[in-house]
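> Sharing protein14.cif below, mmCIF, C-alpha atoms and all ligand atoms:
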data_target
loop_
_atom_site.label_atom_id
_atom_site.label_comp_id
_atom_site.auth_asym_id
_atom_site.auth_seq_id
_atom_site.Cartn_x
_atom_site.Cartn_y
_atom_site.Cartn_z
CA MET G 30 14.58 -48.20 -38.94
CA GLU G 31 13.47 -48.61 -42.56
CA LYS G 32 9.95 -47.32 -43.37
CA ASP G 33 7.30 -50.03 -42.94
CA ASN G 34 6.33 -50.95 -46.52
CA TYR G 35 4.87 -54.34 -45.60
CA ARG G 36 2.55 -56.03 -48.12
CA HIS G 37 1.72 -59.56 -47.13
CA PRO G 38 2.47 -62.42 -49.51
CA ASP G 39 -0.61 -64.25 -50.82
CA TYR G 40 0.58 -66.68 -53.48
CA TYR G 41 -2.52 -68.90 -53.46
CA LEU G 42 -5.05 -66.03 -53.15
CA VAL G 43 -5.97 -67.08 -49.61
CA ASP G 44 -7.49 -63.63 -49.11
CA GLU G 45 -10.38 -64.83 -51.28
CA LEU G 46 -11.28 -67.19 -48.42
CA LEU G 47 -11.73 -64.25 -46.04
CA THR G 48 -14.91 -62.23 -45.53
CA GLU G 49 -15.14 -58.49 -46.20
CA GLU G 50 -15.34 -57.88 -42.47
CA GLN G 51 -12.18 -59.91 -41.84
CA LEU G 52 -10.31 -57.99 -44.54
CA LEU G 53 -11.52 -54.68 -43.15
CA ILE G 54 -10.39 -55.56 -39.64
CA ARG G 55 -7.01 -56.66 -40.96
CA ASN G 56 -6.54 -53.33 -42.73
CA THR G 57 -7.48 -51.44 -39.58
CA VAL G 58 -4.98 -53.36 -37.44
CA ARG G 59 -2.32 -53.08 -40.15
CA SER G 60 -2.76 -49.28 -40.33
CA PHE G 61 -2.47 -49.02 -36.54
CA VAL G 62 0.68 -51.16 -36.58
CA LYS G 63 2.29 -49.12 -39.37
CA LYS G 64 1.45 -45.80 -37.72
CA GLU G 65 1.93 -46.54 -34.03
CA ILE G 66 4.14 -49.62 -33.57
CA SER G 67 6.57 -49.97 -36.49
CA PRO G 68 8.19 -46.54 -35.98
CA ILE G 69 9.00 -47.17 -32.30
CA ILE G 70 9.41 -50.93 -31.88
CA GLU G 71 13.09 -51.24 -32.69
CA ASP G 72 14.01 -48.55 -30.17
CA TYR G 73 11.97 -50.23 -27.42
CA ALA G 74 13.45 -53.65 -28.25
CA GLN G 75 17.00 -52.26 -28.21
CA ARG G 76 16.36 -50.71 -24.80
CA ALA G 77 14.50 -53.81 -23.57
CA ALA G 78 11.54 -51.60 -22.63
CA PHE G 79 7.84 -52.35 -22.89
CA PRO G 80 5.83 -49.75 -24.89
CA SER G 81 2.94 -49.52 -22.42
CA HIS G 82 1.53 -46.43 -24.14
CA LEU G 83 0.24 -48.78 -26.91
CA LEU G 84 -2.14 -50.65 -24.61
CA GLN G 85 -5.00 -48.18 -24.81
CA GLY G 86 -4.94 -48.12 -28.62
CA MET G 87 -4.75 -51.91 -28.82
CA GLY G 88 -7.74 -52.12 -26.49
CA GLN G 89 -9.72 -49.63 -28.60
CA LEU G 90 -8.94 -51.68 -31.71
CA GLY G 91 -10.36 -54.77 -30.03
CA CYS G 92 -7.08 -56.70 -29.94
CA PHE G 93 -7.78 -57.98 -26.41
CA GLY G 94 -10.07 -61.03 -26.43
CA PRO G 95 -12.00 -60.16 -29.62
CA PHE G 96 -13.80 -63.53 -29.40
CA VAL G 97 -15.41 -62.66 -26.04
CA PRO G 98 -19.14 -61.85 -26.48
CA ALA G 99 -20.31 -58.22 -26.41
CA GLU G 100 -22.24 -58.67 -23.12
CA TYR G 101 -18.84 -59.02 -21.39
CA GLY G 102 -17.17 -56.17 -23.29
CA GLY G 103 -15.66 -58.18 -26.16
CA ALA G 104 -16.37 -57.81 -29.87
CA GLY G 105 -17.85 -61.29 -30.35
CA LEU G 106 -15.67 -61.90 -33.42
CA ASP G 107 -14.88 -65.26 -34.98
CA TYR G 108 -11.59 -67.12 -34.58
CA ILE G 109 -10.25 -66.45 -38.06
CA THR G 110 -10.54 -62.73 -37.34
CA TYR G 111 -8.74 -63.28 -34.03
CA GLY G 112 -5.97 -65.14 -35.87
CA ILE G 113 -5.60 -62.38 -38.45
CA MET G 114 -5.34 -59.75 -35.71
CA MET G 115 -2.59 -61.70 -33.96
CA GLN G 116 -0.81 -62.13 -37.30
CA GLU G 117 -0.82 -58.40 -37.99
CA LEU G 118 0.61 -57.65 -34.54
CA GLU G 119 3.26 -60.34 -34.67
CA ARG G 120 4.49 -59.60 -38.16
CA CYS G 121 5.64 -56.38 -36.46
CA ASP G 122 6.86 -57.88 -33.18
CA SER G 123 6.23 -61.12 -31.27
CA GLY G 124 6.44 -59.27 -27.95
CA ILE G 125 3.46 -57.09 -28.82
CA ARG G 126 1.46 -60.11 -29.96
CA SER G 127 2.46 -61.92 -26.76
CA THR G 128 0.95 -59.12 -24.69
CA ALA G 129 -2.31 -59.37 -26.64
CA SER G 130 -2.33 -63.19 -26.58
CA VAL G 131 -1.80 -63.38 -22.85
CA GLN G 132 -4.53 -60.83 -22.23
CA GLY G 133 -7.02 -62.46 -24.61
CA SER G 134 -6.30 -66.17 -24.60
CA LEU G 135 -4.76 -66.73 -21.19
CA VAL G 136 -6.59 -64.22 -18.98
CA MET G 137 -9.92 -63.25 -20.61
CA PHE G 138 -10.53 -66.72 -22.10
CA PRO G 139 -10.32 -68.63 -18.78
CA ILE G 140 -12.39 -66.00 -16.98
CA TYR G 141 -15.00 -66.25 -19.74
CA LYS G 142 -14.87 -70.05 -19.93
CA PHE G 143 -14.46 -71.00 -16.26
CA GLY G 144 -15.35 -67.86 -14.27
CA SER G 145 -18.48 -67.10 -12.24
CA GLU G 146 -20.90 -64.46 -13.57
CA GLU G 147 -19.55 -62.04 -10.94
CA GLN G 148 -15.96 -62.64 -12.09
CA LYS G 149 -16.92 -62.18 -15.74
CA HIS G 150 -18.73 -58.89 -15.13
CA LYS G 151 -16.06 -57.61 -12.76
CA TYR G 152 -13.00 -58.24 -14.95
CA LEU G 153 -13.82 -58.86 -18.62
CA PRO G 154 -15.04 -55.40 -19.75
CA LYS G 155 -12.00 -53.68 -18.24
CA LEU G 156 -9.61 -56.30 -19.65
CA ALA G 157 -11.15 -55.81 -23.12
CA THR G 158 -10.33 -52.09 -23.13
CA GLY G 159 -6.89 -52.53 -21.56
CA GLU G 160 -7.95 -50.58 -18.47
CA LEU G 161 -6.94 -53.71 -16.57
CA MET G 162 -4.03 -55.88 -17.75
CA GLY G 163 -3.52 -59.52 -16.79
CA CYS G 164 -0.94 -62.30 -16.80
CA PHE G 165 -1.08 -66.10 -16.64
CA GLY G 166 0.94 -68.09 -14.12
CA LEU G 167 1.48 -71.76 -14.92
CA THR G 168 5.25 -72.33 -15.35
CA GLU G 169 7.35 -72.74 -12.22
CA PRO G 170 11.14 -72.75 -11.70
CA ASP G 171 11.16 -76.57 -11.49
CA HIS G 172 8.12 -77.37 -13.66
CA GLY G 173 7.99 -76.10 -17.24
CA SER G 174 7.07 -78.77 -19.78
CA ASN G 175 5.54 -80.80 -16.97
CA PRO G 176 3.13 -78.40 -15.23
CA ALA G 177 1.33 -81.27 -13.49
CA GLY G 178 4.25 -81.38 -11.05
CA MET G 179 3.61 -77.79 -9.85
CA THR G 180 4.24 -77.06 -6.18
CA THR G 181 2.36 -73.76 -5.81
CA ARG G 182 -0.44 -74.51 -3.35
CA PHE G 183 -3.29 -72.99 -1.41
CA THR G 184 -4.92 -73.99 1.84
CA ASP G 185 -8.50 -73.38 2.97
CA HIS G 186 -9.08 -70.75 5.68
CA GLY G 187 -12.87 -70.34 5.64
CA SER G 188 -13.78 -67.27 3.58
CA HIS G 189 -10.38 -67.14 1.90
CA VAL G 190 -7.48 -69.39 0.87
CA VAL G 191 -3.77 -68.83 1.56
CA LEU G 192 -1.50 -69.15 -1.48
CA ASN G 193 2.22 -70.01 -1.40
CA GLY G 194 4.73 -70.68 -4.18
CA ALA G 195 6.30 -69.06 -7.23
CA LYS G 196 5.80 -68.86 -10.97
CA MET G 197 8.53 -68.05 -13.47
CA TRP G 198 8.79 -66.70 -17.03
CA ILE G 199 5.47 -64.90 -16.81
CA SER G 200 4.70 -62.50 -19.69
CA ASN G 201 3.13 -59.17 -18.61
CA ALA G 202 3.85 -59.98 -14.92
CA PRO G 203 5.75 -56.75 -14.12
CA PHE G 204 2.81 -54.50 -14.98
CA ALA G 205 -0.23 -56.80 -14.72
CA ASP G 206 -3.12 -55.72 -12.47
CA ILE G 207 -4.34 -59.30 -12.08
CA ALA G 208 -2.84 -62.77 -12.46
CA VAL G 209 -4.69 -65.96 -13.40
CA VAL G 210 -2.74 -68.46 -11.31
CA TRP G 211 -2.89 -72.25 -11.41
CA ALA G 212 -2.19 -73.92 -8.07
CA LYS G 213 -2.98 -77.11 -6.15
CA ASN G 214 -5.61 -77.31 -3.42
CA GLU G 215 -5.35 -79.50 -0.33
CA GLN G 216 -6.67 -82.48 -2.33
CA ASN G 217 -3.80 -82.02 -4.87
CA GLU G 218 -6.23 -80.84 -7.55
CA ILE G 219 -5.17 -77.97 -9.84
CA GLN G 220 -7.47 -74.94 -9.67
CA GLY G 221 -7.36 -71.44 -11.12
CA LEU G 222 -7.46 -68.29 -8.97
CA ILE G 223 -7.47 -64.59 -9.78
CA VAL G 224 -4.80 -62.83 -7.73
CA GLU G 225 -4.88 -59.03 -7.67
CA ARG G 226 -1.91 -56.68 -7.47
CA GLY G 227 -1.84 -55.14 -4.03
CA MET G 228 -2.79 -58.35 -2.18
CA GLU G 229 -0.35 -58.64 0.72
CA GLY G 230 2.54 -61.07 0.06
CA PHE G 231 2.15 -60.94 -3.76
CA SER G 232 5.12 -59.56 -5.76
CA THR G 233 6.17 -59.62 -9.45
CA PRO G 234 9.95 -59.13 -9.85
CA GLU G 235 11.01 -58.45 -13.45
CA THR G 236 13.26 -60.85 -15.40
CA HIS G 237 16.20 -59.03 -17.01
CA GLY G 238 18.87 -59.98 -19.54
CA LYS G 239 16.67 -61.52 -22.27
CA TRP G 240 18.01 -61.56 -25.85
CA SER G 241 14.50 -62.41 -27.04
CA LEU G 242 11.09 -60.70 -26.70
CA ARG G 243 12.94 -57.63 -25.49
CA ALA G 244 9.91 -55.36 -26.04
CA SER G 245 7.77 -57.64 -23.84
CA ALA G 246 7.90 -57.51 -20.04
CA THR G 247 8.57 -60.87 -18.36
CA GLY G 248 8.71 -61.60 -14.64
CA GLU G 249 8.06 -63.91 -11.73
CA LEU G 250 4.99 -64.23 -9.55
CA VAL G 251 5.87 -64.75 -5.89
CA PHE G 252 3.19 -65.74 -3.37
CA ASP G 253 4.13 -65.49 0.28
CA ASN G 254 1.05 -66.38 2.34
CA VAL G 255 -1.24 -64.41 0.02
CA LYS G 256 -4.85 -64.30 1.27
CA VAL G 257 -7.11 -64.75 -1.77
CA PRO G 258 -10.91 -64.46 -1.27
CA LYS G 259 -12.72 -67.67 -2.23
CA GLU G 260 -14.85 -65.75 -4.73
CA ASN G 261 -11.64 -65.33 -6.80
CA ILE G 262 -11.39 -69.09 -7.46
CA PHE G 263 -12.81 -70.39 -10.77
CA PRO G 264 -15.84 -72.40 -9.61
CA THR G 265 -16.27 -74.90 -12.43
CA ILE G 266 -12.88 -76.29 -13.39
CA LYS G 267 -10.45 -78.66 -11.67
CA GLY G 268 -7.38 -80.47 -12.99
CA LEU G 269 -4.83 -79.85 -15.73
CA LYS G 270 -7.64 -79.52 -18.29
CA GLY G 271 -8.13 -75.91 -17.10
CA PRO G 272 -4.70 -74.53 -18.02
CA LEU G 273 -4.40 -76.83 -21.04
CA THR G 274 -7.64 -75.45 -22.50
CA CYS G 275 -6.18 -71.95 -22.15
CA LEU G 276 -2.95 -73.05 -23.81
CA SER G 277 -4.89 -74.38 -26.79
CA SER G 278 -6.51 -70.97 -27.14
CA ALA G 279 -3.13 -69.20 -27.00
CA ARG G 280 -1.40 -71.72 -29.28
CA TYR G 281 -4.08 -71.06 -31.88
CA GLY G 282 -3.15 -67.35 -31.88
CA ILE G 283 0.57 -68.18 -32.04
CA ALA G 284 0.01 -70.38 -35.10
CA TRP G 285 -1.28 -67.29 -36.93
CA GLY G 286 1.14 -64.88 -35.27
CA ALA G 287 4.43 -66.69 -35.87
CA LEU G 288 3.46 -67.10 -39.51
CA GLY G 289 3.20 -63.30 -39.59
CA CYS G 290 6.93 -63.14 -38.70
CA ALA G 291 7.70 -65.46 -41.62
CA MET G 292 5.59 -63.33 -43.98
CA ASP G 293 7.33 -60.14 -42.86
CA CYS G 294 10.82 -61.67 -43.24
CA TYR G 295 9.99 -62.98 -46.71
CA ASP G 296 8.50 -59.65 -47.78
CA THR G 297 11.56 -57.76 -46.53
CA ALA G 298 14.01 -60.17 -48.17
CA LEU G 299 12.16 -60.13 -51.50
CA ARG G 300 12.14 -56.32 -51.67
CA TYR G 301 15.77 -56.05 -50.56
CA SER G 302 16.94 -58.65 -53.06
CA LEU G 303 15.30 -56.74 -55.93
CA GLN G 304 17.07 -53.51 -54.94
CA ARG G 305 20.51 -54.73 -53.87
CA ILE G 306 22.94 -54.82 -56.79
CA GLN G 307 26.02 -57.08 -56.75
CA PHE G 308 28.09 -58.22 -59.73
CA GLY G 309 26.09 -55.78 -61.84
CA LYS G 310 22.59 -57.12 -61.19
CA PRO G 311 19.97 -57.42 -58.40
CA ILE G 312 20.85 -60.30 -56.06
CA ALA G 313 17.26 -61.54 -56.70
CA GLY G 314 18.59 -62.59 -60.11
CA PHE G 315 20.98 -65.20 -58.70
CA GLN G 316 19.72 -68.78 -58.63
CA LEU G 317 20.76 -69.36 -55.01
CA THR G 318 18.75 -66.32 -53.86
CA GLN G 319 15.75 -67.48 -55.86
CA LYS G 320 15.99 -70.94 -54.28
CA LYS G 321 15.78 -69.36 -50.83
CA LEU G 322 12.84 -67.15 -51.80
CA ALA G 323 11.01 -69.96 -53.58
CA GLU G 324 11.32 -72.28 -50.59
CA MET G 325 10.16 -69.53 -48.24
CA ILE G 326 7.00 -68.70 -50.17
CA THR G 327 6.18 -72.40 -50.54
CA GLU G 328 6.33 -73.00 -46.78
CA ILE G 329 4.43 -69.78 -46.07
CA THR G 330 1.67 -70.69 -48.52
CA LYS G 331 1.24 -74.20 -47.08
CA SER G 332 1.05 -72.73 -43.59
CA GLN G 333 -1.47 -70.06 -44.58
CA LEU G 334 -3.79 -72.79 -45.83
CA LEU G 335 -3.22 -74.92 -42.73
CA ASN G 336 -4.07 -71.98 -40.46
CA TRP G 337 -7.12 -70.99 -42.43
CA ARG G 338 -8.50 -74.54 -42.24
CA LEU G 339 -7.72 -74.65 -38.52
CA GLY G 340 -9.65 -71.39 -38.14
CA VAL G 341 -12.69 -72.89 -39.88
CA LEU G 342 -12.56 -75.91 -37.55
CA ARG G 343 -12.16 -73.67 -34.50
CA ASN G 344 -15.14 -71.56 -35.55
CA GLU G 345 -17.15 -74.79 -35.76
CA ASP G 346 -15.78 -75.82 -32.33
CA ARG G 347 -14.17 -78.87 -33.96
CA ALA G 348 -10.44 -77.99 -33.78
CA THR G 349 -8.76 -80.53 -31.51
CA PRO G 350 -5.91 -79.58 -29.13
CA ALA G 351 -3.62 -81.83 -31.22
CA GLN G 352 -4.55 -80.02 -34.45
CA ILE G 353 -3.83 -76.67 -32.79
CA SER G 354 -0.55 -78.04 -31.44
CA MET G 355 0.53 -79.08 -34.94
CA ALA G 356 -0.18 -75.62 -36.36
CA LYS G 357 1.69 -73.88 -33.51
CA ARG G 358 4.74 -76.08 -34.02
CA ASN G 359 4.64 -75.75 -37.79
CA SER G 360 4.37 -71.95 -37.81
CA CYS G 361 7.19 -71.47 -35.30
CA ASP G 362 9.39 -73.93 -37.15
CA ILE G 363 8.94 -72.44 -40.60
CA ALA G 364 9.18 -68.88 -39.25
CA LEU G 365 12.56 -69.62 -37.67
CA LYS G 366 13.82 -71.15 -40.92
CA VAL G 367 12.45 -68.31 -43.08
CA ALA G 368 13.96 -65.70 -40.74
CA ARG G 369 17.37 -67.36 -40.95
CA GLU G 370 17.33 -67.53 -44.76
CA ALA G 371 15.95 -63.99 -45.06
CA ARG G 372 18.75 -62.68 -42.86
CA GLN G 373 21.29 -64.25 -45.18
CA ILE G 374 19.72 -62.52 -48.18
CA LEU G 375 20.24 -59.17 -46.46
CA GLY G 376 23.93 -59.90 -45.85
CA GLY G 377 25.43 -57.58 -43.24
CA MET G 378 22.34 -55.36 -43.19
CA GLY G 379 20.41 -58.38 -41.94
CA ILE G 380 21.98 -58.21 -38.50
CA THR G 381 21.09 -54.54 -37.91
CA GLY G 382 18.01 -52.98 -36.38
CA GLU G 383 17.46 -51.18 -39.66
CA TYR G 384 15.37 -54.22 -40.67
CA SER G 385 13.04 -56.39 -38.59
CA ILE G 386 14.55 -59.78 -39.47
CA MET G 387 17.10 -60.23 -36.68
CA ARG G 388 14.57 -59.08 -34.07
CA HIS G 389 12.06 -61.61 -35.43
CA SER G 390 14.74 -64.32 -35.33
CA MET G 391 15.55 -63.66 -31.69
CA ASN G 392 11.89 -63.30 -30.70
CA LEU G 393 11.02 -66.61 -32.34
CA GLU G 394 13.42 -68.43 -30.01
CA SER G 395 10.91 -67.65 -27.23
CA VAL G 396 7.85 -68.29 -29.35
CA VAL G 397 9.10 -71.76 -30.33
CA THR G 398 9.70 -72.48 -26.61
CA TYR G 399 6.68 -71.09 -24.77
CA GLU G 400 3.23 -72.66 -24.83
CA GLY G 401 5.00 -76.00 -25.32
CA THR G 402 8.39 -76.48 -26.96
CA HIS G 403 8.80 -77.81 -30.50
CA ASP G 404 9.65 -81.27 -29.13
CA ILE G 405 6.70 -81.33 -26.72
CA HIS G 406 4.40 -80.57 -29.67
CA LEU G 407 5.98 -83.41 -31.65
CA LEU G 408 5.11 -85.70 -28.75
CA ILE G 409 1.53 -84.39 -28.73
CA THR G 410 1.15 -85.28 -32.41
CA GLY G 411 2.93 -88.58 -31.81
CA MET G 412 0.55 -89.50 -29.00
CA ASP G 413 -2.45 -88.42 -31.06
CA ILE G 414 -1.60 -90.62 -34.05
CA THR G 415 -0.24 -93.67 -32.20
CA GLY G 416 -2.26 -93.56 -29.00
CA ILE G 417 0.99 -94.06 -27.04
CA ASN G 418 2.19 -91.50 -24.48
CA ALA G 419 5.93 -90.93 -24.97
CA PHE G 420 6.21 -88.05 -22.47
CA SER G 421 7.41 -90.13 -19.57
C1 LIG B 501 9.83 -65.18 -22.93
C2 LIG B 501 8.98 -66.23 -22.29
C3 LIG B 501 7.68 -65.94 -21.88
C4 LIG B 501 6.90 -66.90 -21.24
N1 LIG B 501 5.64 -66.59 -20.79
C5 LIG B 501 4.96 -67.47 -20.00
C6 LIG B 501 3.71 -67.10 -19.39
O1 LIG B 501 3.19 -65.99 -19.62
N2 LIG B 501 3.11 -67.97 -18.53
C7 LIG B 501 3.65 -69.20 -18.26
O2 LIG B 501 3.07 -69.94 -17.46
N3 LIG B 501 4.83 -69.59 -18.84
C8 LIG B 501 5.49 -68.76 -19.70
N4 LIG B 501 6.68 -69.12 -20.27
C9 LIG B 501 7.26 -70.43 -19.92
C10 LIG B 501 7.27 -71.44 -21.05
O3 LIG B 501 5.98 -71.91 -21.30
C11 LIG B 501 8.29 -72.54 -20.68
O4 LIG B 501 9.57 -71.98 -20.81
C12 LIG B 501 8.12 -73.77 -21.56
O5 LIG B 501 6.93 -74.45 -21.27
C13 LIG B 501 9.29 -74.74 -21.38
O6 LIG B 501 9.54 -74.99 -20.03
P1 LIG B 501 11.03 -74.87 -19.46
O7 LIG B 501 11.61 -73.56 -19.90
O8 LIG B 501 10.98 -75.12 -18.00
O9 LIG B 501 11.84 -75.99 -20.19
P2 LIG B 501 11.93 -77.56 -19.76
O10 LIG B 501 10.56 -78.09 -19.51
O11 LIG B 501 12.95 -77.70 -18.68
O12 LIG B 501 12.46 -78.19 -21.12
C14 LIG B 501 13.83 -78.14 -21.49
C15 LIG B 501 14.04 -79.02 -22.72
O13 LIG B 501 13.68 -80.37 -22.41
C16 LIG B 501 12.75 -80.85 -23.37
N5 LIG B 501 11.82 -81.79 -22.75
C17 LIG B 501 11.12 -81.65 -21.59
N6 LIG B 501 10.37 -82.73 -21.35
C18 LIG B 501 10.58 -83.58 -22.40
C19 LIG B 501 10.07 -84.87 -22.76
N7 LIG B 501 9.14 -85.52 -22.02
N8 LIG B 501 10.53 -85.45 -23.89
C20 LIG B 501 11.44 -84.81 -24.70
N9 LIG B 501 11.94 -83.59 -24.41
C21 LIG B 501 11.52 -82.99 -23.27
C22 LIG B 501 12.02 -79.61 -23.88
O14 LIG B 501 11.47 -79.83 -25.17
C23 LIG B 501 13.15 -78.59 -23.90
O15 LIG B 501 13.87 -78.73 -25.10
C24 LIG B 501 7.45 -68.20 -21.01
C25 LIG B 501 8.74 -68.49 -21.47
C26 LIG B 501 9.50 -67.54 -22.11
C27 LIG B 501 10.88 -67.90 -22.57
#
As a first step, turn the structure in this file into structure tokens.

Amino acid sequence: MEKDNYRHPDYYLVDELLTEEQLLIRNTVRSFVKKEISPIIEDYAQRAAFPSHLLQGMGQLGCFGPFVPAEYGGAGLDYITYGIMMQELERCDSGIRSTASVQGSLVMFPIYKFGSEEQKHKYLPKLATGELMGCFGLTEPDHGSNPAGMTTRFTDHGSHVVLNGAKMWISNAPFADIAVVWAKNEQNEIQGLIVERGMEGFSTPETHGKWSLRASATGELVFDNVKVPKENIFPTIKGLKGPLTCLSSARYGIAWGALGCAMDCYDTALRYSLQRIQFGKPIAGFQLTQKKLAEMITEITKSQLLNWRLGVLRNEDRATPAQISMAKRNSCDIALKVAREARQILGGMGITGEYSIMRHSMNLESVVTYEGTHDIHLLITGMDITGINAFS
């Protein structure tokens, strides 16, 4: 694969809106990515293998739940810093960012937000370092966009509950040590439970044959009369609000991350177009190439400003789920379009693993689908501005 020469585009000097600490952390993550991930990622993606040896380094860098306070093993960083970290990971590969997002936003976040003190002290410090890895089970074979219909259930047996059902499309499932699982109790209320690998009746078969997120491990969670101690249930949260709050946290990271893919594709296409000579001059000198590049940087710049503002609102605890939904949809949408145009600029080279663009393109097909599809996010915005629910 080509050497990683990435320099992020910053047409409107958005970096001036960042603090010195945020810039420093970005440089640290970027150096790690260039040294440890870029040289190996294409090979792992081609082989559809997960580079588990990176987990320790990512944990040491603080990529897992950096917003969790220090008393629980996190770094206590703000949400713009979290976004930047996810952006640096995803501009290299969405699968690597997915691993970090699931760990931080979908496993550590709910334990921090909804867990008992015992649960927080037991799991969070080890999840922050990557000593323990987690996954998040919401989607089921028959309930994706409509998780409220889930059929995974647990029944009360005194000191423990018995869990039955199955989850599908679960990132990190094949290697996770714990799973945050959303299931219905006997009163039909959704609750969250922490299921540990090794509990009898719990298995995590891997999903094969993906053309997307090939360097990320995906699997099922199967519960066959799994006895889960009651102390593993989140004590304070009931209903769909629990998983939806987690999804907002993850969607926020995706908004920053997917934009990283767009920035990487643009950067690659710009450099390539300046070097590639056809008809006696760089292809960057043709009007049709410039149109593509100009439209790309315009969309990227608008999205950088949108994300930054969202980060400010999130830091002030004012970002609404609908605002986060809009940013997730927007970043995925523009990243897919930028990747497609960038691939055209590279001609035949654009389809090879020599460059990151085709891998980004394929990865983004998952990113635009998970954590709510593009259309579901349109309906969220539609409901927010009209007050009318068009989901059903
Ligand atoms: C690689 C990968 C990793 C994933 N990781 C996780 C994970 O870690 N944990 C987890 O819980 N889930 C995970 N998911 C699941 C993901 O969140 C779901 O795939 C997603 O929510 C969509 O659900 P579905 O695939 O069942 O599609 P469906 O819900 O069946 O949707 C199919 C189509 O119908 C459309 N549609 C559905 N309802 C409506 C409506 N009311 N109006 C208009 N259109 C509608 C959708 O927009 C979509 O285009 C992952 C998925 C992938 C691909």
> May I have the residues within 8 Å of region 225-229 of chain G as a list in words, using all atoms listed in the file and disregarding those fewer than 2 positions away in the same chain?
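Near neighbours after the sequence-gap exclusion: Ala205, Asp206, Ile207, Ala208, Ile223, Phe231, Ser232, Val255, Lys256 and Val257 of chain G.
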> Quick one: residues within 8 Å of Thr110 (chain G), all atoms listed in the file, excluding same-chain residues fewer than 5 positions away - as an MDAnalysis selection string?
chainID G and resid 51 54:55
> Would you write out those residues with C-alpha atoms, as a compact mmCIF listing (two decimals), in the frame of the given file?

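Result file is result23.txt:
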# COMPACT_ATOMS: atom_id res chain seq x y z
CA GLN G 51 -12.18 -59.91 -41.84
CA ILE G 54 -10.39 -55.56 -39.64
CA ARG G 55 -7.01 -56.66 -40.96
> As JSON, numbers by chain, please: every protein or nucleic acid residue near ligand LIG 501 (chain B) (cut-off 8 Å, counting all atoms listed in the file).
{"G": [131, 164, 165, 166, 167, 168, 169, 170, 171, 172, 173, 174, 175, 196, 197, 198, 199, 200, 201, 202, 239, 241, 242, 245, 247, 394, 395, 396, 398, 399, 400, 401, 402, 403, 404, 405, 408, 419, 420, 421]}
> For the selection you just gave me, I'd like the residues written to a file as a CSV table (one decimal), keeping the file's coordinate frame, keeping C-alpha atoms.

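Result saved to part-v3.csv:
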chain,number,residue,atom,x,y,z
G,131,VAL,CA,-1.8,-63.4,-22.8
G,164,CYS,CA,-0.9,-62.3,-16.8
G,165,PHE,CA,-1.1,-66.1,-16.6
G,166,GLY,CA,0.9,-68.1,-14.1
G,167,LEU,CA,1.5,-71.8,-14.9
G,168,THR,CA,5.2,-72.3,-15.4
G,169,GLU,CA,7.4,-72.7,-12.2
G,170,PRO,CA,11.1,-72.8,-11.7
G,171,ASP,CA,11.2,-76.6,-11.5
G,172,HIS,CA,8.1,-77.4,-13.7
G,173,GLY,CA,8.0,-76.1,-17.2
G,174,SER,CA,7.1,-78.8,-19.8
G,175,ASN,CA,5.5,-80.8,-17.0
G,196,LYS,CA,5.8,-68.9,-11.0
G,197,MET,CA,8.5,-68.0,-13.5
G,198,TRP,CA,8.8,-66.7,-17.0
G,199,ILE,CA,5.5,-64.9,-16.8
G,200,SER,CA,4.7,-62.5,-19.7
G,201,ASN,CA,3.1,-59.2,-18.6
G,202,ALA,CA,3.8,-60.0,-14.9
G,239,LYS,CA,16.7,-61.5,-22.3
G,241,SER,CA,14.5,-62.4,-27.0
G,242,LEU,CA,11.1,-60.7,-26.7
G,245,SER,CA,7.8,-57.6,-23.8
G,247,THR,CA,8.6,-60.9,-18.4
G,394,GLU,CA,13.4,-68.4,-30.0
G,395,SER,CA,10.9,-67.6,-27.2
G,396,VAL,CA,7.8,-68.3,-29.4
G,398,THR,CA,9.7,-72.5,-26.6
G,399,TYR,CA,6.7,-71.1,-24.8
G,400,GLU,CA,3.2,-72.7,-24.8
G,401,GLY,CA,5.0,-76.0,-25.3
G,402,THR,CA,8.4,-76.5,-27.0
G,403,HIS,CA,8.8,-77.8,-30.5
G,404,ASP,CA,9.6,-81.3,-29.1
G,405,ILE,CA,6.7,-81.3,-26.7
G,408,LEU,CA,5.1,-85.7,-28.8
G,419,ALA,CA,5.9,-90.9,-25.0
G,420,PHE,CA,6.2,-88.0,-22.5
G,421,SER,CA,7.4,-90.1,-19.6
> Would you tabulate, counting only C-alpha atoms, all residues of region 113-147 of chain G that have an atom at most 8 Å from an atom of region 75-95 of chain G, showing the closest pair of atoms and their distance in Å to one decimal, sorted by chain then ascending number, as JSON lines?

{"residue": "G:Met114", "atom": "CA", "partner": "G:Cys92", "partner_atom": "CA", "distance": 6.8}
{"residue": "G:Met115", "atom": "CA", "partner": "G:Cys92", "partner_atom": "CA", "distance": 7.8}
{"residue": "G:Ala129", "atom": "CA", "partner": "G:Phe93", "partner_atom": "CA", "distance": 5.6}
{"residue": "G:Ser130", "atom": "CA", "partner": "G:Phe93", "partner_atom": "CA", "distance": 7.5}
{"residue": "G:Gln132", "atom": "CA", "partner": "G:Phe93", "partner_atom": "CA", "distance": 6.0}
{"residue": "G:Gly133", "atom": "CA", "partner": "G:Gly94", "partner_atom": "CA", "distance": 3.8}
{"residue": "G:Ser134", "atom": "CA", "partner": "G:Gly94", "partner_atom": "CA", "distance": 6.6}
{"residue": "G:Met137", "atom": "CA", "partner": "G:Gly94", "partner_atom": "CA", "distance": 6.2}
{"residue": "G:Phe138", "atom": "CA", "partner": "G:Gly94", "partner_atom": "CA", "distance": 7.2}
> How many Å lie between CA of Gln148 (chain G) and CA of Phe252 (chain G), rounded to one decimal?
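These two atoms are separated by 21.3 Å.
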